[in-house]
$ cat query16.cif   # mmCIF, N, CA and C atoms
data_work
#
loop_
_atom_site.label_atom_id
_atom_site.label_comp_id
_atom_site.auth_asym_id
_atom_site.auth_seq_id
_atom_site.Cartn_x
_atom_site.Cartn_y
_atom_site.Cartn_z
N MET A 135 -9.99 -29.33 14.70
CA MET A 135 -9.01 -28.36 15.13
C MET A 135 -8.13 -27.97 13.96
N LEU A 136 -7.62 -26.77 14.02
CA LEU A 136 -6.86 -26.24 12.90
C LEU A 136 -5.57 -25.60 13.40
N ASN A 137 -4.48 -25.91 12.77
CA ASN A 137 -3.18 -25.30 13.07
C ASN A 137 -2.53 -24.99 11.74
N ARG A 138 -2.77 -23.80 11.21
CA ARG A 138 -2.27 -23.41 9.89
C ARG A 138 -1.67 -22.01 9.97
N VAL A 139 -0.52 -21.82 9.40
CA VAL A 139 0.17 -20.53 9.41
C VAL A 139 0.58 -20.20 7.99
N ILE A 140 0.35 -18.95 7.58
CA ILE A 140 0.83 -18.46 6.29
C ILE A 140 1.53 -17.14 6.56
N LEU A 141 2.79 -17.06 6.15
CA LEU A 141 3.61 -15.87 6.40
C LEU A 141 4.32 -15.43 5.13
N ILE A 142 4.53 -14.14 4.98
CA ILE A 142 5.36 -13.61 3.90
C ILE A 142 6.39 -12.71 4.56
N GLY A 143 7.66 -12.98 4.27
CA GLY A 143 8.73 -12.19 4.87
C GLY A 143 10.05 -12.43 4.18
N ARG A 144 11.08 -11.78 4.70
CA ARG A 144 12.44 -11.89 4.14
C ARG A 144 13.34 -12.66 5.10
N LEU A 145 14.21 -13.48 4.51
CA LEU A 145 15.16 -14.23 5.32
C LEU A 145 16.14 -13.27 6.00
N THR A 146 16.39 -13.51 7.28
CA THR A 146 17.31 -12.67 8.03
C THR A 146 18.75 -13.18 7.94
N ARG A 147 18.91 -14.42 7.49
CA ARG A 147 20.24 -15.02 7.33
C ARG A 147 20.11 -16.18 6.35
N ASP A 148 21.24 -16.69 5.91
CA ASP A 148 21.22 -17.85 5.01
C ASP A 148 20.68 -19.07 5.75
N PRO A 149 19.96 -19.96 5.04
CA PRO A 149 19.45 -21.18 5.67
C PRO A 149 20.59 -22.09 6.14
N GLU A 150 20.34 -22.81 7.22
CA GLU A 150 21.31 -23.77 7.75
C GLU A 150 20.79 -25.18 7.49
N LEU A 151 21.48 -25.94 6.65
CA LEU A 151 21.08 -27.30 6.30
C LEU A 151 21.86 -28.29 7.15
N ARG A 152 21.15 -29.26 7.72
CA ARG A 152 21.75 -30.35 8.49
C ARG A 152 21.07 -31.64 8.08
N TYR A 153 21.65 -32.75 8.48
CA TYR A 153 21.07 -34.07 8.23
C TYR A 153 20.96 -34.82 9.54
N THR A 154 19.84 -35.52 9.73
CA THR A 154 19.66 -36.35 10.92
C THR A 154 20.50 -37.60 10.77
N PRO A 155 20.71 -38.35 11.85
CA PRO A 155 21.46 -39.61 11.74
C PRO A 155 20.83 -40.60 10.74
N ASN A 156 19.53 -40.48 10.52
CA ASN A 156 18.84 -41.34 9.55
C ASN A 156 18.97 -40.84 8.12
N GLY A 157 19.60 -39.66 7.93
CA GLY A 157 19.81 -39.13 6.58
C GLY A 157 18.75 -38.15 6.10
N ALA A 158 17.80 -37.78 6.95
CA ALA A 158 16.77 -36.82 6.55
C ALA A 158 17.34 -35.40 6.61
N ALA A 159 17.09 -34.63 5.55
CA ALA A 159 17.55 -33.24 5.51
C ALA A 159 16.61 -32.36 6.33
N VAL A 160 17.19 -31.43 7.07
CA VAL A 160 16.41 -30.46 7.83
C VAL A 160 17.10 -29.10 7.70
N VAL A 161 16.32 -28.08 7.37
CA VAL A 161 16.87 -26.73 7.22
C VAL A 161 16.15 -25.81 8.19
N SER A 162 16.87 -24.85 8.70
CA SER A 162 16.25 -23.84 9.56
C SER A 162 16.70 -22.46 9.10
N PHE A 163 15.77 -21.52 9.17
CA PHE A 163 16.05 -20.13 8.85
C PHE A 163 15.01 -19.27 9.55
N THR A 164 15.26 -17.99 9.58
CA THR A 164 14.35 -17.06 10.22
C THR A 164 13.90 -16.04 9.18
N ILE A 165 12.60 -15.70 9.22
CA ILE A 165 12.11 -14.65 8.34
C ILE A 165 11.62 -13.47 9.19
N ALA A 166 11.82 -12.29 8.64
CA ALA A 166 11.31 -11.07 9.26
C ALA A 166 10.00 -10.72 8.58
N VAL A 167 8.95 -10.61 9.37
CA VAL A 167 7.62 -10.30 8.87
C VAL A 167 7.23 -8.93 9.40
N GLU A 168 7.05 -7.97 8.49
CA GLU A 168 6.68 -6.62 8.91
C GLU A 168 5.30 -6.63 9.53
N ARG A 169 5.12 -5.78 10.52
CA ARG A 169 3.80 -5.64 11.13
C ARG A 169 2.94 -4.77 10.23
N ARG A 170 1.68 -5.09 10.17
CA ARG A 170 0.78 -4.47 9.21
C ARG A 170 0.68 -2.95 9.35
N PHE A 171 0.58 -2.47 10.58
CA PHE A 171 0.32 -1.04 10.76
C PHE A 171 1.56 -0.24 11.09
N ASN A 172 2.67 -0.90 11.33
CA ASN A 172 3.90 -0.17 11.63
C ASN A 172 5.05 -0.86 10.92
N ARG A 173 5.42 -0.37 9.77
CA ARG A 173 6.46 -1.02 8.97
C ARG A 173 7.85 -0.87 9.57
N ASN A 174 7.98 -0.11 10.64
CA ASN A 174 9.27 0.02 11.30
C ASN A 174 9.50 -1.12 12.30
N GLU A 175 8.50 -1.96 12.49
CA GLU A 175 8.61 -3.09 13.41
C GLU A 175 8.42 -4.38 12.63
N ALA A 176 9.07 -5.43 13.10
CA ALA A 176 8.93 -6.73 12.46
C ALA A 176 8.98 -7.82 13.52
N ASP A 177 8.38 -8.94 13.19
CA ASP A 177 8.48 -10.14 14.01
C ASP A 177 9.44 -11.07 13.31
N PHE A 178 10.28 -11.75 14.08
CA PHE A 178 11.27 -12.66 13.53
C PHE A 178 10.82 -14.08 13.85
N ILE A 179 10.44 -14.82 12.81
CA ILE A 179 9.80 -16.13 12.97
C ILE A 179 10.76 -17.23 12.52
N PRO A 180 11.08 -18.18 13.41
CA PRO A 180 11.93 -19.30 13.00
C PRO A 180 11.13 -20.31 12.17
N ILE A 181 11.73 -20.77 11.07
CA ILE A 181 11.11 -21.71 10.15
C ILE A 181 11.97 -22.97 10.08
N VAL A 182 11.31 -24.14 10.02
CA VAL A 182 12.00 -25.43 9.85
C VAL A 182 11.32 -26.17 8.70
N ALA A 183 12.12 -26.72 7.80
CA ALA A 183 11.59 -27.53 6.69
C ALA A 183 12.38 -28.83 6.62
N TRP A 184 11.74 -29.86 6.11
CA TRP A 184 12.33 -31.20 6.09
C TRP A 184 12.45 -31.75 4.68
N ASN A 185 13.34 -32.72 4.53
CA ASN A 185 13.52 -33.55 3.34
C ASN A 185 13.81 -32.74 2.08
N LYS A 186 13.11 -33.00 0.97
CA LYS A 186 13.40 -32.34 -0.31
C LYS A 186 13.17 -30.83 -0.22
N LEU A 187 12.14 -30.43 0.50
CA LEU A 187 11.87 -29.00 0.69
C LEU A 187 13.05 -28.34 1.39
N ALA A 188 13.63 -29.01 2.36
CA ALA A 188 14.80 -28.48 3.06
C ALA A 188 15.97 -28.29 2.11
N GLU A 189 16.21 -29.26 1.27
CA GLU A 189 17.33 -29.15 0.32
C GLU A 189 17.09 -28.04 -0.69
N ASN A 190 15.86 -27.89 -1.17
CA ASN A 190 15.54 -26.80 -2.11
C ASN A 190 15.75 -25.44 -1.46
N CYS A 191 15.32 -25.30 -0.21
CA CYS A 191 15.50 -24.03 0.50
C CYS A 191 16.98 -23.72 0.67
N ALA A 192 17.77 -24.72 1.03
CA ALA A 192 19.20 -24.51 1.22
C ALA A 192 19.89 -24.15 -0.09
N ASN A 193 19.44 -24.73 -1.20
CA ASN A 193 20.07 -24.48 -2.50
C ASN A 193 19.67 -23.15 -3.12
N TYR A 194 18.44 -22.70 -2.91
CA TYR A 194 17.93 -21.55 -3.65
C TYR A 194 17.66 -20.30 -2.83
N LEU A 195 17.70 -20.40 -1.52
CA LEU A 195 17.41 -19.23 -0.69
C LEU A 195 18.67 -18.65 -0.07
N GLY A 196 18.62 -17.38 0.25
CA GLY A 196 19.72 -16.70 0.93
C GLY A 196 19.17 -15.51 1.67
N LYS A 197 20.02 -14.91 2.45
CA LYS A 197 19.65 -13.73 3.24
C LYS A 197 19.02 -12.67 2.34
N GLY A 198 17.88 -12.13 2.80
CA GLY A 198 17.20 -11.06 2.07
C GLY A 198 16.14 -11.52 1.10
N ARG A 199 16.07 -12.81 0.78
CA ARG A 199 15.07 -13.31 -0.17
C ARG A 199 13.67 -13.20 0.41
N LEU A 200 12.72 -12.87 -0.44
CA LEU A 200 11.31 -12.78 -0.06
C LEU A 200 10.66 -14.12 -0.28
N VAL A 201 10.00 -14.66 0.76
CA VAL A 201 9.37 -15.97 0.66
C VAL A 201 7.98 -15.95 1.30
N ALA A 202 7.14 -16.86 0.83
CA ALA A 202 5.87 -17.15 1.49
C ALA A 202 6.01 -18.55 2.08
N VAL A 203 5.66 -18.69 3.33
CA VAL A 203 5.78 -19.96 4.04
C VAL A 203 4.40 -20.38 4.50
N GLU A 204 4.05 -21.63 4.21
CA GLU A 204 2.80 -22.19 4.71
C GLU A 204 3.14 -23.43 5.51
N GLY A 205 2.58 -23.54 6.68
CA GLY A 205 2.88 -24.69 7.53
C GLY A 205 2.06 -24.68 8.80
N ARG A 206 2.64 -25.27 9.85
CA ARG A 206 1.94 -25.35 11.13
C ARG A 206 2.83 -24.82 12.23
N LEU A 207 2.23 -24.28 13.27
CA LEU A 207 2.95 -23.77 14.41
C LEU A 207 3.25 -24.92 15.37
N GLN A 208 4.49 -24.99 15.83
CA GLN A 208 4.88 -26.05 16.76
C GLN A 208 5.58 -25.42 17.96
N VAL A 209 5.20 -25.86 19.15
CA VAL A 209 5.85 -25.44 20.39
C VAL A 209 6.45 -26.68 21.02
N ARG A 210 7.74 -26.61 21.33
CA ARG A 210 8.42 -27.75 21.95
C ARG A 210 9.33 -27.24 23.04
N SER A 211 9.78 -28.14 23.88
CA SER A 211 10.69 -27.75 24.95
C SER A 211 11.87 -28.72 25.00
N TYR A 212 12.95 -28.25 25.59
CA TYR A 212 14.12 -29.09 25.80
C TYR A 212 14.80 -28.64 27.08
N GLU A 213 15.70 -29.47 27.56
CA GLU A 213 16.42 -29.14 28.78
C GLU A 213 17.88 -28.84 28.45
N THR A 214 18.38 -27.73 28.97
CA THR A 214 19.77 -27.34 28.74
C THR A 214 20.69 -28.20 29.60
N PRO A 215 21.98 -28.24 29.30
CA PRO A 215 22.91 -29.04 30.11
C PRO A 215 22.93 -28.64 31.59
N ASP A 216 22.59 -27.39 31.88
CA ASP A 216 22.57 -26.98 33.29
C ASP A 216 21.20 -27.20 33.94
N GLY A 217 20.29 -27.92 33.25
CA GLY A 217 19.03 -28.34 33.84
C GLY A 217 17.87 -27.37 33.68
N GLN A 218 18.02 -26.32 32.92
CA GLN A 218 16.92 -25.37 32.72
C GLN A 218 16.05 -25.80 31.55
N ARG A 219 14.73 -25.63 31.70
CA ARG A 219 13.79 -25.95 30.64
C ARG A 219 13.66 -24.75 29.71
N ARG A 220 13.83 -24.96 28.39
CA ARG A 220 13.68 -23.91 27.38
C ARG A 220 12.54 -24.28 26.45
N TRP A 221 11.80 -23.26 26.01
CA TRP A 221 10.68 -23.45 25.10
C TRP A 221 11.01 -22.82 23.76
N VAL A 222 10.63 -23.49 22.68
CA VAL A 222 10.87 -23.02 21.33
C VAL A 222 9.54 -23.03 20.57
N THR A 223 9.24 -21.91 19.92
CA THR A 223 8.07 -21.83 19.04
C THR A 223 8.58 -21.61 17.63
N GLU A 224 8.15 -22.45 16.68
CA GLU A 224 8.63 -22.38 15.30
C GLU A 224 7.54 -22.82 14.34
N VAL A 225 7.71 -22.47 13.08
CA VAL A 225 6.79 -22.90 12.03
C VAL A 225 7.43 -24.07 11.30
N ILE A 226 6.72 -25.18 11.22
CA ILE A 226 7.16 -26.33 10.43
C ILE A 226 6.54 -26.16 9.05
N ALA A 227 7.39 -25.89 8.07
CA ALA A 227 6.92 -25.53 6.72
C ALA A 227 6.50 -26.76 5.93
N ASP A 228 5.33 -26.66 5.30
CA ASP A 228 4.87 -27.65 4.34
C ASP A 228 5.17 -27.17 2.93
N GLU A 229 5.20 -25.84 2.76
CA GLU A 229 5.44 -25.25 1.45
C GLU A 229 6.18 -23.93 1.63
N VAL A 230 7.18 -23.71 0.80
CA VAL A 230 7.91 -22.44 0.78
C VAL A 230 7.92 -21.96 -0.66
N ARG A 231 7.37 -20.78 -0.89
CA ARG A 231 7.35 -20.19 -2.23
C ARG A 231 8.37 -19.08 -2.30
N PHE A 232 9.17 -19.07 -3.35
CA PHE A 232 10.17 -18.04 -3.56
C PHE A 232 9.49 -16.91 -4.33
N LEU A 233 9.36 -15.75 -3.72
CA LEU A 233 8.57 -14.67 -4.30
C LEU A 233 9.39 -13.64 -5.05
N ASP A 234 10.69 -13.74 -5.03
CA ASP A 234 11.52 -12.83 -5.80
C ASP A 234 12.70 -13.60 -6.37
N ARG A 235 13.46 -12.92 -7.16
CA ARG A 235 14.67 -13.54 -7.71
C ARG A 235 15.84 -13.09 -6.86
N GLY A 236 16.58 -14.06 -6.39
CA GLY A 236 17.78 -13.74 -5.62
C GLY A 236 18.85 -13.25 -6.55
N GLY A 237 19.86 -12.61 -6.00
CA GLY A 237 20.95 -12.04 -6.77
C GLY A 237 21.31 -12.82 -8.01
N SER A 238 22.12 -13.86 -7.88
CA SER A 238 22.52 -14.63 -9.06
C SER A 238 21.86 -15.99 -9.08
N THR A 239 20.99 -16.25 -8.10
CA THR A 239 20.37 -17.57 -8.04
C THR A 239 19.04 -17.55 -8.74
N ALA A 240 18.78 -18.57 -9.51
CA ALA A 240 17.48 -18.69 -10.17
C ALA A 240 16.49 -19.30 -9.21
N SER A 241 15.23 -19.03 -9.43
CA SER A 241 14.19 -19.62 -8.59
C SER A 241 14.01 -21.08 -8.96
N ALA A 242 13.51 -21.83 -8.00
CA ALA A 242 13.26 -23.25 -8.24
C ALA A 242 12.12 -23.41 -9.21
N PRO A 243 12.12 -24.49 -10.00
CA PRO A 243 11.03 -24.71 -10.94
C PRO A 243 9.70 -24.78 -10.22
N GLY A 244 8.69 -24.16 -10.79
CA GLY A 244 7.36 -24.23 -10.23
C GLY A 244 7.11 -23.25 -9.11
N SER A 245 8.07 -22.42 -8.76
CA SER A 245 7.86 -21.48 -7.68
C SER A 245 7.22 -20.21 -8.21
N ALA A 246 6.50 -19.53 -7.34
CA ALA A 246 5.90 -18.26 -7.73
C ALA A 246 6.97 -17.19 -7.71
N VAL A 247 6.99 -16.36 -8.72
CA VAL A 247 8.01 -15.33 -8.81
C VAL A 247 7.36 -14.00 -9.12
N THR A 248 7.65 -12.99 -8.32
CA THR A 248 7.29 -11.63 -8.67
C THR A 248 8.58 -10.85 -8.66
N TYR A 249 8.87 -10.17 -9.74
CA TYR A 249 10.14 -9.49 -9.88
C TYR A 249 9.93 -8.00 -10.00
N THR A 250 10.63 -7.24 -9.18
CA THR A 250 10.59 -5.80 -9.30
C THR A 250 12.00 -5.34 -9.66
N PRO A 251 12.18 -4.70 -10.82
CA PRO A 251 13.50 -4.32 -11.29
C PRO A 251 14.28 -3.46 -10.32
N SER A 252 13.61 -2.66 -9.51
CA SER A 252 14.32 -1.79 -8.58
C SER A 252 14.94 -2.58 -7.45
N GLY A 253 14.54 -3.82 -7.27
CA GLY A 253 15.07 -4.63 -6.18
C GLY A 253 14.31 -4.43 -4.88
N GLN A 254 13.30 -3.57 -4.90
CA GLN A 254 12.50 -3.35 -3.71
C GLN A 254 11.10 -3.88 -3.97
N ASP A 255 10.51 -4.48 -2.95
CA ASP A 255 9.17 -4.99 -3.13
C ASP A 255 8.16 -3.95 -2.66
N ASP A 256 7.00 -3.97 -3.27
CA ASP A 256 5.92 -3.08 -2.90
C ASP A 256 4.78 -3.94 -2.39
N TRP A 257 4.48 -3.85 -1.12
CA TRP A 257 3.46 -4.73 -0.53
C TRP A 257 2.11 -4.55 -1.20
N ASN A 258 1.87 -3.41 -1.82
CA ASN A 258 0.60 -3.21 -2.50
C ASN A 258 0.45 -4.11 -3.71
N ASP A 259 1.56 -4.60 -4.26
CA ASP A 259 1.51 -5.44 -5.46
C ASP A 259 1.47 -6.93 -5.14
N VAL A 260 1.57 -7.32 -3.86
CA VAL A 260 1.55 -8.74 -3.52
C VAL A 260 0.19 -9.31 -3.91
N GLY A 261 0.19 -10.36 -4.69
CA GLY A 261 -1.04 -11.00 -5.16
C GLY A 261 -1.62 -10.36 -6.40
N GLN A 262 -1.01 -9.32 -6.91
CA GLN A 262 -1.55 -8.61 -8.08
C GLN A 262 -1.63 -9.52 -9.30
N GLU A 263 -0.64 -10.44 -9.45
CA GLU A 263 -0.66 -11.33 -10.60
C GLU A 263 -1.88 -12.25 -10.57
N ILE A 264 -2.39 -12.54 -9.39
CA ILE A 264 -3.59 -13.38 -9.28
C ILE A 264 -4.82 -12.56 -9.65
N ILE A 265 -4.89 -11.34 -9.14
CA ILE A 265 -6.04 -10.48 -9.41
C ILE A 265 -6.15 -10.20 -10.91
N ASN A 266 -5.01 -10.04 -11.60
CA ASN A 266 -5.05 -9.76 -13.03
C ASN A 266 -5.63 -10.91 -13.84
N ASP A 267 -5.59 -12.14 -13.32
CA ASP A 267 -6.09 -13.30 -14.04
C ASP A 267 -7.56 -13.61 -13.76
N ILE A 268 -8.19 -12.86 -12.87
CA ILE A 268 -9.58 -13.13 -12.49
C ILE A 268 -10.51 -12.40 -13.45
N ASP A 269 -11.53 -13.12 -13.94
CA ASP A 269 -12.56 -12.50 -14.76
C ASP A 269 -13.69 -12.05 -13.84
N PHE A 270 -13.85 -10.76 -13.69
CA PHE A 270 -14.88 -10.24 -12.82
C PHE A 270 -16.21 -10.17 -13.57
N VAL A 271 -17.31 -10.40 -12.86
CA VAL A 271 -18.64 -10.36 -13.45
C VAL A 271 -19.13 -8.92 -13.40
N ASP A 272 -19.61 -8.45 -14.53
CA ASP A 272 -20.17 -7.10 -14.61
C ASP A 272 -21.62 -7.18 -14.16
N PRO A 273 -21.97 -6.52 -13.04
CA PRO A 273 -23.35 -6.61 -12.52
C PRO A 273 -24.37 -5.93 -13.43
N ASN A 274 -23.93 -5.14 -14.38
CA ASN A 274 -24.86 -4.44 -15.27
C ASN A 274 -25.18 -5.25 -16.52
N ARG A 275 -24.52 -6.41 -16.70
CA ARG A 275 -24.82 -7.25 -17.86
C ARG A 275 -26.13 -7.97 -17.64
N ASP A 276 -26.85 -8.22 -18.74
CA ASP A 276 -28.14 -8.89 -18.65
C ASP A 276 -28.04 -10.39 -18.84
N ASP A 277 -26.82 -10.92 -19.08
CA ASP A 277 -26.65 -12.36 -19.28
C ASP A 277 -27.10 -13.12 -18.02
N ASP A 278 -27.58 -14.33 -18.24
CA ASP A 278 -27.95 -15.17 -17.11
C ASP A 278 -26.69 -15.71 -16.46
N ILE A 279 -26.65 -15.64 -15.15
CA ILE A 279 -25.53 -16.20 -14.40
C ILE A 279 -25.90 -17.66 -14.09
N PRO A 280 -24.98 -18.60 -14.37
CA PRO A 280 -25.32 -20.02 -14.29
C PRO A 280 -25.37 -20.59 -12.88
N PHE A 281 -25.52 -19.79 -11.87
CA PHE A 281 -25.61 -20.36 -10.52
C PHE A 281 -26.63 -19.64 -9.69
#

$ encode --input "query16.cif" --output "structure tokens"
Amino acid sequence: MLNRVILIGRLTRDPELRYTPNGAAVVSFTIAVERRFNRNEADFIPIVAWNKLAENCANYLGKGRLVAVEGRLQVRSYETPDGQRRWVTEVIADEVRFLDRGGSTASAPGSAVTYTPSGQDDWNDVGQEIINDIDFVDPNRDDDIPF
């Protein structure tokens, strides 16, 4: 069975960092993910990260930052004080990549960074830095391919 989620979106608010009674850091934030065929619509996805990742997100992320989140989808329920059952669906992040530079904040070491001087991102350029590093095979070459 597989439960894997990969999302790219912008934070809708600053991350909220808390600590459990045992001292574990937990951060929560929401990202807006544009819909593929209608950029005027977005889905707002709650994200939760734990421990060192939580602290890094709280220190380096803020409202409007572009991030890639990889994790798993979790559905849980709780009971309100008045006895009603509530359901929550959220992504538990295993990895959060900072994809742009925030205003005055530097990106965390080792994070992926794509910077557009205008301050606006162009979805057509997402992943372009990876494509530029790929050596494509020319089908018209006569060299032997080793596989």

$ atom_distance --input "query16.cif" --atom1 "atom CA of Gly143 of chain A" --atom2 "atom CA of Leu187 of chain A"
17.6 Å

$ residues_around --input "query16.cif" --residues "Leu200 of chain A" --least-positions-apart "6" --cutoff "8 Å" --atoms "all atoms listed in the file" --output "list in words"
Ile142, Gly143, Arg144, Leu145, Arg231, Phe232, Leu233, Asp234, Arg235 and Gly236 of chain A

$ closest_residue --input "query16.cif" --among "A:Glu168, A:Arg199, A:Cys191, A:Val139" --to "Ile226 of chain A" --atoms "only C-alpha atoms"
A:Val139

$ resolve_selection --input "query16.cif" --expression "the PyMOL selection byres ((chain A and resi 206) around 5)" --output "NGL selection string"
:A and (137-139 or 204-205 or 207-208 or 225-226)

$ resolve_selection --input "query16.cif" --expression "the PyMOL selection byres ((chain A and resi 147) around 6)" --output "list in words"
Leu145, Thr146, Asp148, Pro149, Thr164, Gly196, Lys197 and Gly198 of chain A

$ closest_residue --input "query16.cif" --among "A:Glu150, A:Ala227, A:Phe178, A:Met135" --to "Val203 of chain A" --atoms "all atoms listed in the file"
A:Ala227

$ resolve_selection --input "query16.cif" --expression "the PyMOL selection byres (((chain A and resi 155-163 and name CA) around 6) and name CA)" --output "list of chain:residue names"
A:Pro149, A:Glu150, A:Leu151, A:Arg152, A:Tyr153, A:Thr154, A:Thr164, A:Pro180, A:Ile181, A:Val182, A:Ala183, A:Trp184, A:Asn185, A:Ala188

$ select_by_dssp --input "query16.cif" --residues "segment 142-253 of chain A" --states "helix (DSSP H, G or I)" --output "list in words"
Asn185, Lys186, Leu187, Ala188, Glu189, Asn190, Cys191, Ala192, Asn193 and Tyr194 of chain A

$ closest_residue --input "query16.cif" --among "A:Ala202, A:Lys186, A:Val209, A:Val167" --to "Glu229 of chain A" --atoms "only N, CA and C atoms"
A:Ala202

$ closest_residue --input "query16.cif" --among "A:Asn193, A:Arg220, A:Thr214, A:Ile165" --to "Asp177 of chain A" --atoms "all atoms listed in the file"
A:Ile165

$ atom_distance --input "query16.cif" --atom1 "atom N of Tyr212 of chain A" --atom2 "atom N of Ile179 of chain A"
18.7 Å
